[in-house]
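Next comes work34.cif, with mmCIF, C-alpha atoms.
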data_coords
loop_
_atom_site.label_atom_id
_atom_site.label_comp_id
_atom_site.auth_asym_id
_atom_site.auth_seq_id
_atom_site.Cartn_x
_atom_site.Cartn_y
_atom_site.Cartn_z
CA MET A 286 70.30 42.32 71.35
CA LYS A 287 73.60 43.90 72.32
CA ILE A 288 74.22 42.88 75.93
CA LEU A 289 77.03 43.80 78.30
CA VAL A 290 77.83 40.96 80.73
CA THR A 291 80.12 41.86 83.63
CA GLY A 292 82.01 39.08 85.36
CA ALA A 293 82.46 37.19 82.07
CA ALA A 294 85.43 35.24 83.43
CA GLY A 295 83.33 34.11 86.38
CA PHE A 296 81.32 30.95 86.86
CA ILE A 297 77.84 32.33 86.15
CA GLY A 298 79.22 34.90 83.70
CA LEU A 299 80.78 32.24 81.43
CA HIS A 300 77.59 30.22 81.18
CA THR A 301 75.44 33.32 80.69
CA CYS A 302 77.63 34.53 77.82
CA GLU A 303 77.45 31.10 76.18
CA LYS A 304 73.66 31.00 76.48
CA LEU A 305 73.24 34.48 74.99
CA LEU A 306 75.64 33.76 72.12
CA ASP A 307 73.92 30.46 71.37
CA ARG A 308 70.65 32.28 70.80
CA GLY A 309 72.24 34.96 68.60
CA ASP A 310 72.77 37.96 70.89
CA GLN A 311 75.79 40.23 70.56
CA VAL A 312 77.77 40.01 73.82
CA ILE A 313 80.40 42.28 75.35
CA GLY A 314 82.09 40.38 78.17
CA LEU A 315 83.85 42.40 80.86
CA ASP A 316 86.12 41.20 83.67
CA VAL A 317 89.21 42.42 85.52
CA VAL A 318 90.33 38.77 86.11
CA ASN A 319 91.58 39.35 89.66
CA ASP A 320 93.34 36.77 91.84
CA TYR A 321 90.60 36.20 94.45
CA TYR A 322 90.81 32.58 93.29
CA ASP A 323 92.75 30.61 90.66
CA VAL A 324 93.37 32.95 87.73
CA SER A 325 94.15 30.01 85.41
CA LEU A 326 90.58 28.75 85.85
CA LYS A 327 89.22 32.20 84.92
CA GLU A 328 91.48 32.33 81.86
CA ALA A 329 90.33 28.84 80.84
CA ARG A 330 86.71 30.01 81.02
CA LEU A 331 87.56 32.97 78.82
CA ARG A 332 89.19 30.67 76.24
CA ARG A 333 85.84 28.89 75.86
CA LEU A 334 84.43 32.17 74.54
CA GLU A 335 87.34 33.15 72.28
CA GLY A 336 86.49 33.27 68.59
CA ARG A 337 82.74 33.15 69.10
CA ASN A 338 80.79 35.21 66.59
CA ASN A 339 79.29 38.40 68.04
CA TYR A 340 81.55 38.27 71.12
CA GLN A 341 84.20 40.66 72.36
CA PHE A 342 86.03 40.73 75.68
CA VAL A 343 87.08 43.83 77.63
CA ARG A 344 89.56 43.47 80.50
CA MET A 345 88.67 46.30 82.86
CA ASP A 346 88.05 47.05 86.51
CA LEU A 347 84.46 48.03 87.30
CA ALA A 348 85.84 50.69 89.63
CA ASP A 349 87.57 52.48 86.72
CA ASN A 350 85.18 55.43 86.50
CA ASP A 351 86.48 56.88 83.23
CA GLY A 352 87.02 53.52 81.56
CA MET A 353 83.50 52.33 82.34
CA ALA A 354 81.97 55.61 81.15
CA GLN A 355 83.88 55.34 77.88
CA LEU A 356 82.87 51.71 77.40
CA PHE A 357 79.18 52.49 77.77
CA GLU A 358 79.44 55.50 75.49
CA SER A 359 81.27 53.64 72.74
CA GLU A 360 79.36 50.35 72.83
CA LYS A 361 75.83 51.51 73.76
CA PRO A 362 74.59 48.15 75.08
CA GLU A 363 70.83 47.73 74.99
CA ARG A 364 70.79 45.64 78.16
CA VAL A 365 73.24 44.90 80.96
CA ILE A 366 73.68 41.74 83.03
CA HIS A 367 75.84 42.75 85.99
CA LEU A 368 77.34 39.62 87.57
CA ALA A 369 80.80 40.88 88.57
CA ALA A 370 81.37 41.27 92.30
CA GLN A 371 83.73 40.56 95.13
CA ALA A 372 82.26 37.30 96.36
CA GLY A 373 82.67 35.28 99.54
CA VAL A 374 81.44 35.74 103.09
CA ARG A 375 84.66 35.00 105.00
CA TYR A 376 87.03 36.95 102.72
CA ALA A 377 85.47 40.16 104.06
CA PHE A 378 86.88 39.59 107.53
CA LYS A 379 90.34 40.55 106.24
CA HIS A 380 89.51 42.47 103.06
CA PRO A 381 86.36 44.58 103.60
CA HIS A 382 87.56 47.37 101.32
CA ALA A 383 87.49 44.98 98.34
CA TYR A 384 83.70 44.78 98.70
CA VAL A 385 83.32 48.54 98.74
CA THR A 386 85.50 48.97 95.64
CA SER A 387 83.93 46.20 93.56
CA ASN A 388 80.39 45.86 94.84
CA LEU A 389 79.57 49.48 95.65
CA VAL A 390 81.80 51.65 93.45
CA GLY A 391 81.64 49.14 90.61
CA THR A 392 77.86 48.92 90.74
CA LEU A 393 77.58 52.71 90.87
CA ASN A 394 79.59 52.89 87.62
CA ILE A 395 77.20 50.38 86.05
CA LEU A 396 74.19 52.41 87.16
CA GLU A 397 75.74 55.61 85.83
CA GLY A 398 76.51 53.92 82.51
CA CYS A 399 72.89 52.79 82.24
CA ARG A 400 71.63 56.24 83.19
CA HIS A 401 73.61 58.15 80.58
CA ASN A 402 73.24 55.69 77.69
CA ASP A 403 69.55 54.76 77.66
CA VAL A 404 70.04 51.12 78.66
CA GLU A 405 66.68 49.35 78.36
CA HIS A 406 67.11 46.99 81.32
CA LEU A 407 69.70 46.28 84.03
CA VAL A 408 69.72 42.80 85.57
CA TYR A 409 72.14 42.43 88.48
CA ALA A 410 73.29 39.71 90.85
CA SER A 411 72.16 39.91 94.44
CA SER A 412 72.43 37.02 96.88
CA SER A 413 70.45 34.81 99.23
CA SER A 414 72.85 36.07 101.91
CA VAL A 415 70.77 39.27 102.20
CA TYR A 416 68.24 37.28 104.25
CA GLY A 417 70.82 37.24 107.04
CA ALA A 418 69.19 36.75 110.44
CA ASN A 419 65.78 35.91 108.92
CA THR A 420 64.53 32.45 109.95
CA ARG A 421 61.09 32.15 108.32
CA MET A 422 61.33 29.58 105.52
CA PRO A 423 61.16 29.61 102.61
CA PHE A 424 62.83 32.98 102.14
CA SER A 425 60.51 35.31 100.23
CA VAL A 426 61.34 38.48 98.31
CA HIS A 427 58.36 40.04 100.10
CA GLN A 428 60.16 39.75 103.46
CA ASN A 429 62.11 42.59 105.01
CA VAL A 430 65.88 41.96 104.81
CA ASP A 431 67.48 44.56 107.06
CA HIS A 432 69.64 42.29 109.24
CA PRO A 433 72.63 41.02 107.23
CA VAL A 434 75.13 38.87 109.16
CA SER A 435 78.09 39.37 106.82
CA PHE A 436 79.64 42.38 105.11
CA TYR A 437 79.23 40.62 101.76
CA ALA A 438 75.48 40.43 102.41
CA ALA A 439 75.44 44.10 103.41
CA SER A 440 77.10 45.03 100.11
CA LYS A 441 74.52 43.03 98.14
CA LYS A 442 71.63 44.61 100.03
CA SER A 443 73.25 47.96 99.26
CA ASN A 444 73.23 47.11 95.56
CA GLU A 445 69.47 46.55 95.74
CA LEU A 446 68.99 49.93 97.41
CA MET A 447 71.22 51.67 94.87
CA ALA A 448 69.31 50.06 92.00
CA HIS A 449 66.01 51.22 93.45
CA SER A 450 67.16 54.80 93.79
CA TYR A 451 68.21 54.88 90.12
CA ALA A 452 64.98 53.20 89.04
CA HIS A 453 63.05 55.85 90.98
CA LEU A 454 65.10 58.89 90.01
CA TYR A 455 65.87 58.08 86.37
CA GLN A 456 63.26 55.44 85.45
CA ILE A 457 65.94 52.85 84.68
CA PRO A 458 64.32 49.38 84.73
CA THR A 459 66.29 47.22 87.18
CA THR A 460 65.88 43.60 88.22
CA GLY A 461 67.84 42.05 91.09
CA LEU A 462 68.34 38.29 91.29
CA ARG A 463 69.04 36.72 94.66
CA PHE A 464 71.10 33.64 93.76
CA PHE A 465 70.96 30.57 96.00
CA THR A 466 74.18 28.47 96.20
CA VAL A 467 75.01 27.95 92.54
CA TYR A 468 77.06 24.88 91.56
CA GLY A 469 78.06 22.94 88.45
CA PRO A 470 80.85 22.60 85.86
CA TRP A 471 83.39 25.45 85.81
CA GLY A 472 82.32 26.38 89.35
CA ARG A 473 84.17 28.47 91.93
CA PRO A 474 87.03 26.82 93.87
CA ASP A 475 86.02 28.61 97.09
CA MET A 476 82.60 26.91 97.19
CA ALA A 477 81.89 23.87 99.39
CA ILE A 478 81.17 21.36 96.61
CA PHE A 479 84.44 22.22 94.88
CA ILE A 480 86.46 22.07 98.13
CA PHE A 481 84.86 18.80 99.22
CA THR A 482 85.54 17.17 95.84
CA ARG A 483 89.20 18.18 95.85
CA LYS A 484 89.78 16.97 99.40
CA ILE A 485 87.90 13.68 99.05
CA LEU A 486 89.89 12.78 95.94
CA ALA A 487 93.12 13.73 97.73
CA GLY A 488 92.21 11.64 100.77
CA GLU A 489 92.14 14.73 102.99
CA PRO A 490 89.49 15.35 105.70
CA ILE A 491 86.70 17.77 104.89
CA ASP A 492 85.62 20.44 107.38
CA ILE A 493 81.89 20.26 108.11
CA PHE A 494 80.68 23.35 109.92
CA ASN A 495 77.71 23.61 112.27
CA HIS A 496 78.37 19.92 112.94
CA GLY A 497 76.65 19.06 109.66
CA ASN A 498 73.36 20.75 110.54
CA HIS A 499 73.36 23.01 107.48
CA SER A 500 70.99 22.90 104.54
CA ARG A 501 71.28 24.84 101.30
CA ASP A 502 69.08 25.49 98.28
CA PHE A 503 71.74 24.19 95.85
CA THR A 504 70.91 25.40 92.34
CA TYR A 505 72.46 23.95 89.19
CA ILE A 506 74.14 26.41 86.85
CA ASP A 507 71.97 25.65 83.79
CA ASP A 508 68.85 26.43 85.80
CA ILE A 509 70.37 29.67 87.09
CA VAL A 510 71.30 30.84 83.60
CA GLU A 511 67.83 30.04 82.29
CA GLY A 512 66.42 32.34 84.96
CA VAL A 513 68.94 35.07 84.23
CA VAL A 514 68.11 35.12 80.53
CA ARG A 515 64.36 35.01 81.12
CA THR A 516 64.50 38.00 83.45
CA THR A 517 66.75 39.90 81.04
CA ASP A 518 64.03 39.54 78.41
CA LEU A 519 61.32 40.72 80.83
CA VAL A 520 61.93 44.44 81.34
CA ALA A 521 61.03 45.53 84.87
CA GLU A 522 57.91 47.67 85.16
CA PRO A 523 56.34 49.69 87.99
CA ASN A 524 53.85 47.92 90.21
CA ALA A 525 50.64 49.91 89.78
CA ASP A 526 49.31 48.54 93.09
CA TRP A 527 52.38 49.43 95.13
CA SER A 528 51.60 51.45 98.26
CA GLY A 529 53.88 53.39 100.57
CA ASP A 530 51.50 52.56 103.41
CA ALA A 531 52.32 48.87 103.08
CA PRO A 532 55.46 48.78 100.93
CA ASP A 533 56.29 45.53 99.15
CA PRO A 534 60.12 45.14 99.26
CA ALA A 535 60.14 43.14 96.00
CA THR A 536 58.43 45.75 93.80
CA SER A 537 57.98 49.50 93.59
CA ALA A 538 56.14 52.37 91.99
CA ALA A 539 59.43 52.60 90.05
CA PRO A 540 60.45 50.04 87.38
CA TYR A 541 62.11 47.77 89.96
CA ARG A 542 61.89 44.04 90.68
CA LEU A 543 63.56 41.52 92.96
CA TYR A 544 63.42 37.75 92.49
CA ASN A 545 64.79 34.72 94.26
CA ILE A 546 66.44 32.33 91.85
CA GLY A 547 66.98 28.95 93.47
CA ASN A 548 66.10 25.27 93.31
CA ASN A 549 63.15 25.64 95.71
CA GLN A 550 64.29 22.38 97.32
CA PRO A 551 66.93 22.66 100.06
CA VAL A 552 69.36 19.78 100.59
CA ALA A 553 70.84 18.82 103.95
CA LEU A 554 74.61 19.17 103.95
CA MET A 555 75.14 15.53 104.94
CA ASP A 556 72.90 14.41 102.05
CA LEU A 557 74.98 16.53 99.67
CA ILE A 558 78.17 14.91 100.95
CA LYS A 559 76.60 11.46 100.40
CA CYS A 560 75.83 12.44 96.78
CA LEU A 561 79.44 13.51 96.32
CA GLU A 562 80.76 10.29 97.86
CA ASP A 563 78.57 8.23 95.54
CA ALA A 564 79.64 10.19 92.44
CA LEU A 565 83.32 10.03 93.39
CA GLY A 566 83.29 6.42 94.58
CA LYS A 567 85.10 7.43 97.78
CA THR A 568 84.07 8.00 101.39
CA ALA A 569 84.98 11.34 102.94
CA GLU A 570 86.93 11.66 106.15
CA LYS A 571 84.85 14.16 108.13
CA ASN A 572 85.94 16.85 110.57
CA PHE A 573 82.91 18.31 112.38
CA LEU A 574 83.24 21.92 113.56
CA PRO A 575 81.06 24.73 115.01
CA MET A 576 79.30 27.21 112.74
CA GLN A 577 81.51 29.98 111.35
CA PRO A 578 80.86 33.69 111.94
CA GLY A 579 78.78 35.26 109.17
CA ASP A 580 77.23 31.94 108.16
CA VAL A 581 73.56 30.94 108.33
CA PRO A 582 72.19 27.46 109.11
CA ALA A 583 69.80 27.17 106.19
CA THR A 584 68.61 28.71 102.93
CA TYR A 585 65.42 27.91 101.05
CA ALA A 586 64.14 29.93 98.09
CA ASP A 587 60.52 30.86 97.53
CA ILE A 588 60.57 31.26 93.72
CA ASP A 589 56.84 31.88 93.20
CA ALA A 590 57.38 35.48 92.02
CA LEU A 591 59.95 34.44 89.41
CA THR A 592 57.83 31.52 88.23
CA GLU A 593 54.75 33.70 87.89
CA ALA A 594 56.66 36.40 85.97
CA THR A 595 58.77 34.22 83.65
CA GLY A 596 57.64 30.60 83.88
CA PHE A 597 60.98 29.68 85.45
CA ARG A 598 61.24 26.21 86.96
CA PRO A 599 64.50 24.50 88.03
CA ARG A 600 64.88 21.11 86.33
CA THR A 601 68.10 19.58 87.65
CA PRO A 602 67.98 17.28 90.71
CA ILE A 603 71.00 17.42 93.01
CA GLU A 604 72.08 13.87 92.15
CA GLU A 605 72.30 14.68 88.43
CA GLY A 606 73.94 18.05 88.99
CA ILE A 607 76.62 16.53 91.23
CA LYS A 608 77.37 13.82 88.64
CA ARG A 609 77.87 16.48 85.96
CA PHE A 610 80.11 18.54 88.23
CA VAL A 611 82.26 15.56 89.19
CA ALA A 612 82.60 14.52 85.53
CA TRP A 613 83.78 18.03 84.65
CA TYR A 614 86.17 18.16 87.63
CA ARG A 615 87.80 14.83 86.74
CA ASP A 616 88.20 15.90 83.13
CA TYR A 617 89.52 19.42 83.85
CA TYR A 618 91.98 18.41 86.58
CA GLY A 619 92.76 14.93 85.28
CA ALA A 620 91.64 13.55 88.64
#
In structure tokens, how does this file's structure come out?
Amino acid sequence: MKILVTGAAGFIGLHTCEKLLDRGDQVIGLDVVNDYYDVSLKEARLRRLEGRNNYQFVRMDLADNDGMAQLFESEKPERVIHLAAQAGVRYAFKHPHAYVTSNLVGTLNILEGCRHNDVEHLVYASSSSVYGANTRMPFSVHQNVDHPVSFYAASKKSNELMAHSYAHLYQIPTTGLRFFTVYGPWGRPDMAIFIFTRKILAGEPIDIFNHGNHSRDFTYIDDIVEGVVRTTDLVAEPNADWSGDAPDPATSAAPYRLYNIGNNQPVALMDLIKCLEDALGKTAEKNFLPMQPGDVPATYADIDALTEATGFRPRTPIEEGIKRFVAWYRDYYGA
């Protein structure tokens, strides 16, 4: 298939492009390559894709209305995997407009491109952060998620609502994937595992928020990409049993689906740090702090819907995933 992947210079975008190319798809990678974090890391990811058969890269801002319209019209992708976004919970405290430009305007341009060019299926990145103030575990796509505790989460919930309106109005099949704390080689420098690794190797103290009483459904990148590709192949369809009297948030009378994509096995933050210490052969100096605004104490993914639909099952235990990340980090940074 001919597939447009936005966020191709990103962590999940790189691995998704590689997976699609390995199986013979034609891939158009798109990214603006902004400076939210280390641009050299993004450029290094892009170099991994250079020269691949059936691959082309387009450097463009999602918020470029005319440019995006022209790209869709000229390339006519059959399917779209929309991973590009302004990420990060805390960045929004100082830069809220970045989330509107990238996550709202950018996603609208993707939806419009799909609408006017007969795209067969749009798969887009949502986030476990949409569960916000919810406390019932594990988090289920059948739960209501109307209480975000960060502006990033609000923008991702908005993406789900926008996708539903286009699925309803124009019968565009859309599938949203709520990612749960993705980690692994080529990961994001603003994520905890990356920050902890850098500081432990440098002999610097690591900040541990909520006094270490966090847990996260850490999900290894290879497992995430397997789920992304499987859902791309499974075009969303209307739920014939959907009822407005008892609306299921995860499905619709329109061709619309939402899935959690996680490890289905949360890990306590202190256990994660122990895995890192073992892999690095160094003990971390720990600085315990209160919980930060916009954060949540725990995440835990109910993946039953995704498993039932696609057969998805995560396969990478945290100990193995951390070893692979540390091996990549030492190699890439010469640490």
List as a ChimeraX atom specification the residues having at least one atom at most 12 Å from position (65.4, 44.8, 109.7) as given in the file, counting all atoms listed in the file. /A:415-419,428-434,439,442,534
So what does the PyMOL selection byres ((chain A and resi 367) around 7) actually pick up in this one, as a list in words?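 So the PyMOL selection byres ((chain A and resi 367) around 7), applied here, picks out Val290, Thr291, Val365, Ile366, Leu368, Ala369, Val408, Tyr409 and Ala410 of chain A.
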Using only C-alpha atoms, pick whichever of A:Thr568, A:Ser528, A:Ser435, A:Asn495 has the shortest atom-to-atom distance to Phe378 in chain A. A:Ser435
With only C-alpha atoms as the atoms that count, which of A:Tyr618, A:Tyr541, A:Tyr468, A:Tyr585 lies nearest to Leu557 in chain A? A:Tyr468
Among listed residues A:Leu407, A:Thr420, A:Arg375, A:Asn350, nearest Ser387 in chain A (using all atoms listed in the file):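 Using all atoms listed in the file, Ser387 in chain A sits closest to A:Asn350.
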Tell me which residues the PyMOL selection byres ((chain A and resi 362) around 12) grabs here, as a PyMOL selection string. chain A and resi 286-291+310-314+356-361+363-366+395+398-407
Nearest to Met555 in chain A, chosen from A:Ser440, A:Ser411, A:Asn498, A:Thr482, with only C-alpha atoms counted in the distances: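 Of A:Ser440, A:Ser411, A:Asn498, A:Thr482, the one nearest Met555 in chain A is A:Asn498, counting only C-alpha atoms.
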So which residues get picked by the PyMOL selection byres ((chain A and resi 386) around 10) here, written as a PyMOL selection string? chain A and resi 346-349+370-371+381-385+387-393
Can you spit out the residues from that selection as a PDB file, keeping the file's coordinate frame, using C-alpha atoms?
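For reference, result.pdb as written:
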ATOM      1  CA  ASP A 346      88.050  47.050  86.510  1.00  0.00           C
ATOM      2  CA  LEU A 347      84.460  48.030  87.300  1.00  0.00           C
ATOM      3  CA  ALA A 348      85.840  50.690  89.630  1.00  0.00           C
ATOM      4  CA  ASP A 349      87.570  52.480  86.720  1.00  0.00           C
ATOM      5  CA  ALA A 370      81.370  41.270  92.300  1.00  0.00           C
ATOM      6  CA  GLN A 371      83.730  40.560  95.130  1.00  0.00           C
ATOM      7  CA  PRO A 381      86.360  44.580 103.600  1.00  0.00           C
ATOM      8  CA  HIS A 382      87.560  47.370 101.320  1.00  0.00           C
ATOM      9  CA  ALA A 383      87.490  44.980  98.340  1.00  0.00           C
ATOM     10  CA  TYR A 384      83.700  44.780  98.700  1.00  0.00           C
ATOM     11  CA  VAL A 385      83.320  48.540  98.740  1.00  0.00           C
ATOM     12  CA  SER A 387      83.930  46.200  93.560  1.00  0.00           C
ATOM     13  CA  ASN A 388      80.390  45.860  94.840  1.00  0.00           C
ATOM     14  CA  LEU A 389      79.570  49.480  95.650  1.00  0.00           C
ATOM     15  CA  VAL A 390      81.800  51.650  93.450  1.00  0.00           C
ATOM     16  CA  GLY A 391      81.640  49.140  90.610  1.00  0.00           C
ATOM     17  CA  THR A 392      77.860  48.920  90.740  1.00  0.00           C
ATOM     18  CA  LEU A 393      77.580  52.710  90.870  1.00  0.00           C
TER      19      LEU A 393
END
Residues around (75.0, 22.9, 90.4), cut-off 7 Å, counting only C-alpha atoms - what are they as a list in words?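 Checking each residue against the 7 Å limit leaves Val467, Tyr468, Gly469, Phe503, Thr504, Tyr505, Ile506, Gly606 and Ile607 of chain A.
Interatomic distance, CA of Phe296 in chain A to CA of Arg330 in chain A: 8.0 Å.
The interatomic distance for the pair CA of Pro490 in chain A and CA of Leu574 in chain A works out to 12.0 Å.
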Set the distance at 12 Å and use all atoms listed in the file: which residues neighbour Asp589 in chain A once local chain neighbours fewer than 2 positions away are removed? I'd like the list as a list of chain:residue names.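 The filter keeps A:Pro423, A:Phe424, A:Ser425, A:Val426, A:His427, A:Leu543, A:Tyr544, A:Asn545, A:Ile546, A:Gly547, A:Asn548, A:Asn549, A:Ala586, A:Asp587, A:Leu591, A:Thr592, A:Glu593, A:Ala594, A:Thr595, A:Gly596, A:Phe597, A:Arg598, A:Pro599.
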Rank nothing, just name the residue among A:Gly336, A:Pro523, A:Gly512, A:Pro578 nearest to His453 in chain A, using all atoms listed in the file.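 Using all atoms listed in the file, the shortest distance to His453 in chain A belongs to A:Pro523.
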CA of Thr460 in chain A to CA of Val552 in chain A: how many Å, to one decimal? 27.1 Å
Using only C-alpha atoms, which of the listed residues (A:Phe436, A:Trp613, A:Phe479, A:Trp471) sits closest to Arg333 in chain A?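 Answer, going by the shortest atom-to-atom distance: A:Trp471.
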Any idea what's packed within 12 Å of Phe481 in chain A, counting all atoms listed in the file, ignoring anything in its chain fewer than 6 positions away? Could you give it as a ChimeraX atom specification? /A:474-475,487-493,554-555,557-562,565,567-572,607,610-611,614
Using the selection just defined, write its residues with C-alpha atoms as a JSON list (two decimals), in the coordinates of the input.
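Contents of part19.json, freshly written:
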[["chain", "number", "residue", "atom", "x", "y", "z"],
["A", 474, "PRO", "CA", 87.03, 26.82, 93.87],
["A", 475, "ASP", "CA", 86.02, 28.61, 97.09],
["A", 487, "ALA", "CA", 93.12, 13.73, 97.73],
["A", 488, "GLY", "CA", 92.21, 11.64, 100.77],
["A", 489, "GLU", "CA", 92.14, 14.73, 102.99],
["A", 490, "PRO", "CA", 89.49, 15.35, 105.70],
["A", 491, "ILE", "CA", 86.70, 17.77, 104.89],
["A", 492, "ASP", "CA", 85.62, 20.44, 107.38],
["A", 493, "ILE", "CA", 81.89, 20.26, 108.11],
["A", 554, "LEU", "CA", 74.61, 19.17, 103.95],
["A", 555, "MET", "CA", 75.14, 15.53, 104.94],
["A", 557, "LEU", "CA", 74.98, 16.53, 99.67],
["A", 558, "ILE", "CA", 78.17, 14.91, 100.95],
["A", 559, "LYS", "CA", 76.60, 11.46, 100.40],
["A", 560, "CYS", "CA", 75.83, 12.44, 96.78],
["A", 561, "LEU", "CA", 79.44, 13.51, 96.32],
["A", 562, "GLU", "CA", 80.76, 10.29, 97.86],
["A", 565, "LEU", "CA", 83.32, 10.03, 93.39],
["A", 567, "LYS", "CA", 85.10, 7.43, 97.78],
["A", 568, "THR", "CA", 84.07, 8.00, 101.39],
["A", 569, "ALA", "CA", 84.98, 11.34, 102.94],
["A", 570, "GLU", "CA", 86.93, 11.66, 106.15],
["A", 571, "LYS", "CA", 84.85, 14.16, 108.13],
["A", 572, "ASN", "CA", 85.94, 16.85, 110.57],
["A", 607, "ILE", "CA", 76.62, 16.53, 91.23],
["A", 610, "PHE", "CA", 80.11, 18.54, 88.23],
["A", 611, "VAL", "CA", 82.26, 15.56, 89.19],
["A", 614, "TYR", "CA", 86.17, 18.16, 87.63]]
